[in-house]
$ cat model-v4.pdb   # PDB, C-alpha atoms and all ligand atoms
ATOM      1  CA  MET J 190      88.114 124.201 104.724
ATOM      2  CA  LYS J 191      91.743 123.341 103.909
ATOM      3  CA  LEU J 192      93.603 121.075 101.542
ATOM      4  CA  TYR J 193      96.533 118.964 102.701
ATOM      5  CA  ASN J 194      98.716 119.373  99.691
ATOM      6  CA  GLU J 195     102.046 118.617  98.060
ATOM      7  CA  ALA J 196     103.677 120.756  95.396
ATOM      8  CA  ASP J 197     104.370 119.781  91.781
ATOM      9  CA  PRO J 198     105.220 117.297  90.400
ATOM     10  CA  ALA J 199     102.915 115.258  92.737
ATOM     11  CA  PRO J 200     100.044 114.522  90.323
ATOM     12  CA  ASN J 201      97.092 113.944  92.652
ATOM     13  CA  PRO J 202      97.124 117.179  94.679
ATOM     14  CA  ARG J 203      97.860 118.918  91.370
ATOM     15  CA  ARG J 204      94.490 117.723  90.041
ATOM     16  CA  VAL J 205      92.685 119.543  92.843
ATOM     17  CA  ARG J 206      94.730 122.730  92.414
ATOM     18  CA  ILE J 207      94.039 122.826  88.664
ATOM     19  CA  PHE J 208      90.343 122.192  89.366
ATOM     20  CA  LEU J 209      90.286 125.084  91.861
ATOM     21  CA  LYS J 210      92.048 127.407  89.400
ATOM     22  CA  GLU J 211      89.549 126.510  86.677
ATOM     23  CA  LYS J 212      86.751 127.360  89.139
ATOM     24  CA  GLY J 213      88.457 130.558  90.315
ATOM     25  CA  VAL J 214      88.289 129.362  93.936
ATOM     26  CA  ASP J 215      91.000 129.772  96.589
ATOM     27  CA  ILE J 216      91.286 127.516  99.617
ATOM     28  CA  GLU J 217      93.966 127.213 102.263
ATOM     29  CA  LEU J 218      96.752 124.843 101.212
ATOM     30  CA  VAL J 219      98.600 123.019 103.991
ATOM     31  CA  PRO J 220     102.056 121.787 102.879
ATOM     32  CA  THR J 221     102.448 118.059 103.565
ATOM     33  CA  PRO J 222     105.941 117.294 102.252
ATOM     34  CA  LEU J 223     106.366 113.707 101.089
ATOM     35  CA  MET J 224     110.163 113.983 101.357
ATOM     36  CA  SER J 225     109.935 114.471 105.114
ATOM     37  CA  ARG J 226     107.247 111.739 105.348
ATOM     38  CA  ALA J 227     104.630 114.204 106.695
ATOM     39  CA  HIS J 228     101.996 112.074 104.904
ATOM     40  CA  LYS J 229     102.879 109.096 107.121
ATOM     41  CA  SER J 230     102.734 111.012 110.441
ATOM     42  CA  ALA J 231     100.149 109.941 113.035
ATOM     43  CA  GLU J 232      98.313 113.240 112.486
ATOM     44  CA  HIS J 233      98.015 112.676 108.767
ATOM     45  CA  LEU J 234      97.131 108.972 109.065
ATOM     46  CA  ALA J 235      94.197 110.102 111.212
ATOM     47  CA  ARG J 236      93.072 112.227 108.225
ATOM     48  CA  ASN J 237      93.668 109.500 105.644
ATOM     49  CA  PRO J 238      94.581 105.974 106.760
ATOM     50  CA  LEU J 239      96.260 105.415 103.372
ATOM     51  CA  GLY J 240      98.815 108.097 104.270
ATOM     52  CA  GLN J 241      98.356 109.977 101.010
ATOM     53  CA  VAL J 242      97.642 113.474  99.759
ATOM     54  CA  PRO J 243      95.510 115.307  98.829
ATOM     55  CA  VAL J 244      93.066 115.399 101.741
ATOM     56  CA  LEU J 245      90.328 117.998 102.066
ATOM     57  CA  GLU J 246      89.439 118.946 105.638
ATOM     58  CA  LEU J 247      85.972 120.410 106.092
ATOM     59  CA  ASP J 248      85.150 122.925 108.811
ATOM     60  CA  ASP J 249      83.216 120.216 110.711
ATOM     61  CA  GLY J 250      86.370 118.039 110.808
ATOM     62  CA  THR J 251      85.345 115.611 108.031
ATOM     63  CA  HIS J 252      88.226 114.424 105.856
ATOM     64  CA  ILE J 253      87.765 113.620 102.183
ATOM     65  CA  SER J 254      90.615 111.965 100.295
ATOM     66  CA  GLU J 255      90.848 110.733  96.668
ATOM     67  CA  SER J 256      91.411 113.678  94.347
ATOM     68  CA  ALA J 257      88.378 112.991  92.122
ATOM     69  CA  SER J 258      86.087 112.683  95.166
ATOM     70  CA  ILE J 259      87.423 115.971  96.557
ATOM     71  CA  CYS J 260      86.732 117.649  93.223
ATOM     72  CA  ARG J 261      83.211 116.191  93.071
ATOM     73  CA  TYR J 262      82.524 117.726  96.482
ATOM     74  CA  LEU J 263      83.947 121.087  95.386
ATOM     75  CA  GLU J 264      81.840 120.961  92.207
ATOM     76  CA  GLU J 265      78.703 120.809  94.368
ATOM     77  CA  LEU J 266      79.812 123.945  96.221
ATOM     78  CA  HIS J 267      80.979 125.773  93.087
ATOM     79  CA  PRO J 268      78.932 124.448  90.158
ATOM     80  CA  GLU J 269      80.338 126.822  87.516
ATOM     81  CA  PRO J 270      82.180 126.355  85.284
ATOM     82  CA  ASN J 271      80.849 122.807  85.170
ATOM     83  CA  LEU J 272      83.606 120.175  85.054
ATOM     84  CA  PHE J 273      81.789 116.913  85.858
ATOM     85  CA  GLY J 274      78.911 117.003  83.343
ATOM     86  CA  ARG J 275      75.598 118.802  82.958
ATOM     87  CA  ASP J 276      73.258 115.871  82.314
ATOM     88  CA  ALA J 277      73.159 112.110  82.804
ATOM     89  CA  LYS J 278      74.868 111.284  79.516
ATOM     90  CA  GLU J 279      77.650 113.834  79.849
ATOM     91  CA  ARG J 280      78.275 112.890  83.492
ATOM     92  CA  ALA J 281      78.566 109.223  82.509
ATOM     93  CA  MET J 282      80.919 109.969  79.587
ATOM     94  CA  ILE J 283      83.199 112.090  81.771
ATOM     95  CA  ASP J 284      83.222 109.419  84.474
ATOM     96  CA  MET J 285      83.967 106.700  81.902
ATOM     97  CA  TRP J 286      86.969 108.612  80.549
ATOM     98  CA  LEU J 287      88.156 109.551  84.001
ATOM     99  CA  ARG J 288      88.205 105.884  84.996
ATOM    100  CA  ARG J 289      89.964 104.935  81.779
ATOM    101  CA  VAL J 290      92.679 107.488  82.539
ATOM    102  CA  GLU J 291      93.064 106.067  86.045
ATOM    103  CA  PHE J 292      93.199 102.422  85.001
ATOM    104  CA  ARG J 293      94.861 102.543  81.561
ATOM    105  CA  LEU J 294      97.349 105.382  82.104
ATOM    106  CA  MET J 295      97.834 106.389  85.740
ATOM    107  CA  GLN J 296      97.952 102.867  87.117
ATOM    108  CA  PRO J 297     100.719 101.583  84.763
ATOM    109  CA  LEU J 298     102.582 104.883  85.054
ATOM    110  CA  GLY J 299     102.609 104.469  88.841
ATOM    111  CA  GLN J 300     104.223 101.051  88.399
ATOM    112  CA  VAL J 301     106.887 102.542  86.083
ATOM    113  CA  TRP J 302     107.580 105.156  88.758
ATOM    114  CA  VAL J 303     107.744 102.725  91.668
ATOM    115  CA  HIS J 304     109.592  99.907  89.917
ATOM    116  CA  SER J 305     112.007 101.687  87.632
ATOM    117  CA  HIS J 306     112.773 105.249  88.734
ATOM    118  CA  PRO J 307     115.794 105.765  91.023
ATOM    119  CA  PHE J 308     113.853 108.361  93.087
ATOM    120  CA  THR J 309     111.579 105.588  94.420
ATOM    121  CA  ALA J 310     114.203 102.883  94.983
ATOM    122  CA  ALA J 311     114.044 103.169  98.784
ATOM    123  CA  VAL J 312     110.231 103.231  98.906
ATOM    124  CA  ALA J 313     109.970 100.201  96.583
ATOM    125  CA  THR J 314     112.576  98.278  98.565
ATOM    126  CA  GLN J 315     110.665  98.973 101.762
ATOM    127  CA  ALA J 316     107.312  97.944 100.252
ATOM    128  CA  PHE J 317     108.339  95.034  97.965
ATOM    129  CA  GLY J 318     111.853  94.050  99.062
ATOM    130  CA  GLN J 319     113.276  95.413  95.806
ATOM    131  CA  GLN J 320     112.421  97.339  92.660
ATOM    132  CA  PHE J 321     111.118  94.881  90.046
ATOM    133  CA  LYS J 322     112.756  96.581  87.063
ATOM    134  CA  ASP J 323     111.260  94.190  84.485
ATOM    135  CA  TYR J 324     107.789  94.925  85.824
ATOM    136  CA  GLY J 325     108.511  98.662  85.612
ATOM    137  CA  ALA J 326     109.686  98.267  82.006
ATOM    138  CA  ALA J 327     106.640  96.137  81.100
ATOM    139  CA  ASN J 328     104.359  98.871  82.457
ATOM    140  CA  ARG J 329     106.047 101.406  80.168
ATOM    141  CA  LYS J 330     104.634  99.318  77.321
ATOM    142  CA  VAL J 331     101.189  99.148  78.962
ATOM    143  CA  PHE J 332     101.253 102.951  79.320
ATOM    144  CA  ALA J 333     102.273 103.359  75.661
ATOM    145  CA  SER J 334      99.434 101.127  74.499
ATOM    146  CA  GLY J 335      97.034 103.153  76.694
ATOM    147  CA  CYS J 336      98.332 106.291  74.926
ATOM    148  CA  LYS J 337      97.543 104.726  71.557
ATOM    149  CA  LEU J 338      93.994 103.924  72.670
ATOM    150  CA  PHE J 339      93.488 107.541  73.772
ATOM    151  CA  ASP J 340      95.085 108.841  70.581
ATOM    152  CA  ARG J 341      92.652 106.846  68.422
ATOM    153  CA  GLU J 342      89.614 107.679  70.542
ATOM    154  CA  ILE J 343      90.105 111.450  70.797
ATOM    155  CA  GLU J 344      90.966 112.008  67.153
ATOM    156  CA  GLY J 345      88.578 114.623  65.783
ATOM    157  CA  ARG J 346      87.602 116.117  69.129
ATOM    158  CA  ASP J 347      89.259 118.758  71.274
ATOM    159  CA  PHE J 348      89.011 117.199  74.733
ATOM    160  CA  ILE J 349      89.143 113.783  76.374
ATOM    161  CA  ALA J 350      85.429 113.263  77.060
ATOM    162  CA  GLY J 351      83.941 115.420  74.299
ATOM    163  CA  PRO J 352      83.924 118.935  72.879
ATOM    164  CA  ARG J 353      84.673 120.775  76.118
ATOM    165  CA  TYR J 354      87.298 120.757  78.891
ATOM    166  CA  THR J 355      86.253 118.658  81.913
ATOM    167  CA  MET J 356      87.577 116.763  84.907
ATOM    168  CA  ALA J 357      88.656 113.951  82.562
ATOM    169  CA  ASP J 358      91.124 116.394  80.982
ATOM    170  CA  ILE J 359      92.471 117.445  84.377
ATOM    171  CA  VAL J 360      93.116 113.854  85.428
ATOM    172  CA  ALA J 361      94.752 113.033  82.083
ATOM    173  CA  GLN J 362      96.778 116.245  81.992
ATOM    174  CA  THR J 363      98.285 115.677  85.431
ATOM    175  CA  THR J 364      99.091 112.098  84.450
ATOM    176  CA  PHE J 365     101.019 113.220  81.358
ATOM    177  CA  ASP J 366     102.790 116.017  83.270
ATOM    178  CA  PHE J 367     103.972 113.464  85.798
ATOM    179  CA  ALA J 368     104.911 111.029  83.012
ATOM    180  CA  ARG J 369     107.076 113.745  81.460
ATOM    181  CA  PHE J 370     108.723 114.344  84.864
ATOM    182  CA  ILE J 371     109.710 110.672  85.202
ATOM    183  CA  GLY J 372     110.965 110.420  81.622
ATOM    184  CA  VAL J 373     107.948 108.819  79.966
ATOM    185  CA  ASP J 374     106.792 110.793  76.939
ATOM    186  CA  ILE J 375     103.711 110.552  74.742
ATOM    187  CA  PRO J 376     104.741 108.145  71.950
ATOM    188  CA  ALA J 377     105.703 109.825  68.674
ATOM    189  CA  ASP J 378     102.913 108.021  66.804
ATOM    190  CA  CYS J 379     100.142 109.661  68.899
ATOM    191  CA  PRO J 380      99.577 113.009  67.124
ATOM    192  CA  ALA J 381      96.009 113.586  68.356
ATOM    193  CA  LEU J 382      97.083 112.968  71.955
ATOM    194  CA  ALA J 383     100.116 115.261  71.573
ATOM    195  CA  ALA J 384      97.885 118.014  70.131
ATOM    196  CA  TRP J 385      95.419 117.596  73.018
ATOM    197  CA  TYR J 386      98.311 117.790  75.542
ATOM    198  CA  ALA J 387      99.582 121.013  73.951
ATOM    199  CA  ARG J 388      96.023 122.403  74.071
ATOM    200  CA  VAL J 389      95.448 121.720  77.790
ATOM    201  CA  SER J 390      99.004 122.706  78.723
ATOM    202  CA  ALA J 391      98.369 126.178  77.269
ATOM    203  CA  ARG J 392      95.538 126.866  79.726
ATOM    204  CA  PRO J 393      96.321 129.393  82.504
ATOM    205  CA  SER J 394      95.533 126.705  85.101
ATOM    206  CA  ALA J 395      98.275 124.399  83.766
ATOM    207  CA  THR J 396     101.457 125.969  85.132
ATOM    208  CA  PHE J 397     103.785 123.118  86.147
ATOM    209  CA  GLU J 398     106.060 124.487  88.842
ATOM    210  CA  VAL J 399     109.078 122.212  88.735
ATOM    211  CA  PRO J 400     112.499 123.883  88.280
ATOM    212  CA  GLU J 401     114.023 123.069  84.871
ATOM    213  CA  GLN J 402     117.112 121.532  86.450
ATOM    214  CA  ARG J 403     115.063 119.160  88.606
ATOM    215  CA  LEU J 404     112.875 118.215  85.649
ATOM    216  CA  ALA J 405     115.926 117.511  83.478
ATOM    217  CA  GLN J 406     117.519 115.399  86.222
ATOM    218  CA  ALA J 407     114.356 113.367  86.887
ATOM    219  CA  ARG J 408     113.788 112.798  83.165
ATOM    220  CA  ALA J 409     117.377 111.716  82.612
ATOM    221  CA  LEU J 410     117.225 109.256  85.515
ATOM    222  CA  GLY J 411     113.964 107.922  84.122
ATOM    223  CA  GLY J 412     115.649 107.218  80.803
ATOM    224  CA  ALA J 413     114.466 110.142  78.666
TER     225      ALA J 413
HETATM  226  N1  LIG H 501      93.954 107.783  94.308
HETATM  227  C1  LIG H 501      94.538 108.827  95.126
HETATM  228  C2  LIG H 501      96.062 108.740  95.004
HETATM  229  C3  LIG H 501      96.756 109.636  96.010
HETATM  230  C4  LIG H 501      98.273 109.498  95.900
HETATM  231  O1  LIG H 501      98.805 108.466  95.457
HETATM  232  N2  LIG H 501      98.958 110.564  96.312
HETATM  233  C5  LIG H 501     100.407 110.529  96.299
HETATM  234  C6  LIG H 501     100.964 111.913  95.999
HETATM  235  S1  LIG H 501     100.685 112.369  94.313
HETATM  236  C7  LIG H 501     100.881 110.105  97.676
HETATM  237  O2  LIG H 501     100.376 110.590  98.657
HETATM  238  N3  LIG H 501     101.843 109.186  97.705
HETATM  239  C8  LIG H 501     102.413 108.684  98.905
HETATM  240  C9  LIG H 501     102.022 107.264  99.208
HETATM  241  O3  LIG H 501     101.216 106.659  98.469
HETATM  242  O4  LIG H 501     102.532 106.740 100.178
HETATM  243  C10 LIG H 501      93.994 110.203  94.697
HETATM  244  O5  LIG H 501      93.460 110.291  93.580
HETATM  245  O6  LIG H 501      94.080 111.163  95.467
END
$ encode --input "model-v4.pdb" --output "C-alpha cells" --more "lines below"
Ligand SMILES: N[C@@H](CCC(=O)N[C@@H](CS)C(=O)NCC(=O)O)C(=O)O
Amino acid sequence: MKLYNEADPAPNPRRVRIFLKEKGVDIELVPTPLMSRAHKSAEHLARNPLGQVPVLELDDGTHISESASICRYLEELHPEPNLFGRDAKERAMIDMWLRRVEFRLMQPLGQVWVHSHPFTAAVATQAFGQQFKDYGAANRKVFASGCKLFDREIEGRDFIAGPRYTMADIVAQTTFDFARFIGVDIPADCPALAAWYARVSARPSATFEVPEQRLAQARALGGA
C-alpha cells in the first residue's frame, strides 16, 4: 500500500498524514509534486481522473482518492484510536461536522486561494480565463462567517464534534493551517475557535513543515 502525496502546505494529503500519525501507522509516501504537475501526468490521471492528491494505492492495484474516504478505509484496517465514531450517533455527528467543515470552510477557502492569491494566478487563468478577484474577496467573507458559526457551536467543548479528538478535527485543522498559509486568519472575535486551534496545533501529529520564510511570503501575498 502506498500514498501518492504532496508535502505541506497541501491540506488534503496532510489530512491523511495526520490521521496516520494519530494511529501510529507508517505507509510508503510517494512524492507527487504539484509544482512539476506530476498530479496531471498520464500515470497519475490513471490513478485519479481528477488529477489530485492524495491517492491511496492498494496492493491489488485499487486506487482510492478523496482524503476522508482514504482515512475511512484506513480506520477499518487500524480501528484504534477510533477517529470516525464508536456508535451510530457519534459516527453521524462526526460526519455532520466533517461535511460542515468541507462546505462552510474548505470550499470558500479554496475559492479565496484560486481567485485571489498570486500563487494560483496561472492556474485560475487557465481554468477560468482570469482570477475573479471580487469572487475571491467575497469568499473571504463566507469563510469568516463559517468561522463564526463554528466558534458559536464549539463553545464549551474541546473538539469539533464533541468531547474527543476525531476526524472532524483533522479536516478542520488542516483547513485552518492552509488558511494561515494563504493569509486568512481566524477572525479576532472567534475565541472558542482560536482556543480549539491552539489545542489541536499542540498535538504531536500537527507539525506543519513549511519554512518560516515561505510562510511569511505566502501570507504577505495573501494580504495578511
Ligand atoms: N476532495 C479532495 C481534494 C483533493 C485536492 O484538492 N487536492 C489538492 C492538493 S491539496 C490537489 O491535488 N490540487 C490539484 C488540482 O486540483 O488540480 C480530497 O479530499 O482529497
$ residues_near_ligand --input "model-v4.pdb" --ligand "ligand LIG 501 (chain H)" --cutoff "9 Å" --atoms "all atoms listed in the file" --output "JSON list (two decimals) with C-alpha atoms, keeping the file's coordinate frame"
[["chain", "number", "residue", "atom", "x", "y", "z"],
["J", 194, "ASN", "CA", 98.72, 119.37, 99.69],
["J", 195, "GLU", "CA", 102.05, 118.62, 98.06],
["J", 196, "ALA", "CA", 103.68, 120.76, 95.40],
["J", 197, "ASP", "CA", 104.37, 119.78, 91.78],
["J", 198, "PRO", "CA", 105.22, 117.30, 90.40],
["J", 199, "ALA", "CA", 102.92, 115.26, 92.74],
["J", 200, "PRO", "CA", 100.04, 114.52, 90.32],
["J", 201, "ASN", "CA", 97.09, 113.94, 92.65],
["J", 202, "PRO", "CA", 97.12, 117.18, 94.68],
["J", 203, "ARG", "CA", 97.86, 118.92, 91.37],
["J", 204, "ARG", "CA", 94.49, 117.72, 90.04],
["J", 205, "VAL", "CA", 92.68, 119.54, 92.84],
["J", 223, "LEU", "CA", 106.37, 113.71, 101.09],
["J", 226, "ARG", "CA", 107.25, 111.74, 105.35],
["J", 228, "HIS", "CA", 102.00, 112.07, 104.90],
["J", 229, "LYS", "CA", 102.88, 109.10, 107.12],
["J", 239, "LEU", "CA", 96.26, 105.42, 103.37],
["J", 240, "GLY", "CA", 98.82, 108.10, 104.27],
["J", 241, "GLN", "CA", 98.36, 109.98, 101.01],
["J", 242, "VAL", "CA", 97.64, 113.47, 99.76],
["J", 243, "PRO", "CA", 95.51, 115.31, 98.83],
["J", 244, "VAL", "CA", 93.07, 115.40, 101.74],
["J", 254, "SER", "CA", 90.62, 111.96, 100.30],
["J", 255, "GLU", "CA", 90.85, 110.73, 96.67],
["J", 256, "SER", "CA", 91.41, 113.68, 94.35],
["J", 257, "ALA", "CA", 88.38, 112.99, 92.12],
["J", 258, "SER", "CA", 86.09, 112.68, 95.17],
["J", 259, "ILE", "CA", 87.42, 115.97, 96.56],
["J", 291, "GLU", "CA", 93.06, 106.07, 86.04],
["J", 299, "GLY", "CA", 102.61, 104.47, 88.84],
["J", 312, "VAL", "CA", 110.23, 103.23, 98.91],
["J", 360, "VAL", "CA", 93.12, 113.85, 85.43]]
$ resolve_selection --input "model-v4.pdb" --expression "the PyMOL selection byres (((chain J and resi 273-289) around 12) and not hetatm)" --output "MDAnalysis selection string"
chainID J and resid 204 208 256:258 260:265 267:272 290:297 332 335:336 338:339 342:343 348:364
$ atom_distance --input "model-v4.pdb" --atom1 "atom CA of Leu404 of chain J" --atom2 "atom CA of Val214 of chain J"
28.2 Å
$ atom_distance --input "model-v4.pdb" --atom1 "atom CA of Gly250 of chain J" --atom2 "atom CA of Ala227 of chain J"
19.1 Å
$ atom_distance --input "model-v4.pdb" --atom1 "atom CA of Ile371 of chain J" --atom2 "atom CA of Arg388 of chain J"
21.2 Å
$ closest_residue --input "model-v4.pdb" --among "J:Val301, J:Ala313, J:His233, J:Leu382" --to "Arg346 of chain J" --atoms "all atoms listed in the file"
J:Leu382
$ resolve_selection --input "model-v4.pdb" --expression "the PyMOL selection byres (((chain J and resi 215) around 12) and not hetatm)" --output "PyMOL selection string"
chain J and resi 190-192+205-214+216-218+263+267
$ axis_aligned_box --input "model-v4.pdb" --around "segment 381-389 of chain J" --padding-each-side "6 Å" --output "AutoDock Vina command-line options"
--center_x 97.8 --center_y 117.7 --center_z 73.1 --size_x 16.7 --size_y 21.4 --size_z 21.4
$ resolve_selection --input "model-v4.pdb" --expression "the PyMOL selection byres (((chain J and resi 387) around 12) and not hetatm)" --output "number ranges by chain"
J: 347-348, 358, 362, 365-366, 375, 380-386, 388-392, 395
$ residues_around --input "model-v4.pdb" --residues "segment 320-327 of chain J" --least-positions-apart "6" --cutoff "10 Å" --atoms "all atoms listed in the file" --output "VMD selection string"
chain J and resid 297 to 307 309 to 314
$ closest_residue --input "model-v4.pdb" --among "J:Ile253, J:Val373, J:Cys379, J:Met224" --to "Arg408 of chain J" --atoms "all atoms listed in the file"
J:Val373
$ closest_residue --input "model-v4.pdb" --among "J:Asp248, J:Gly345, J:Pro376, J:Ala235" --to "Val331 of chain J" --atoms "all atoms listed in the file"
J:Pro376
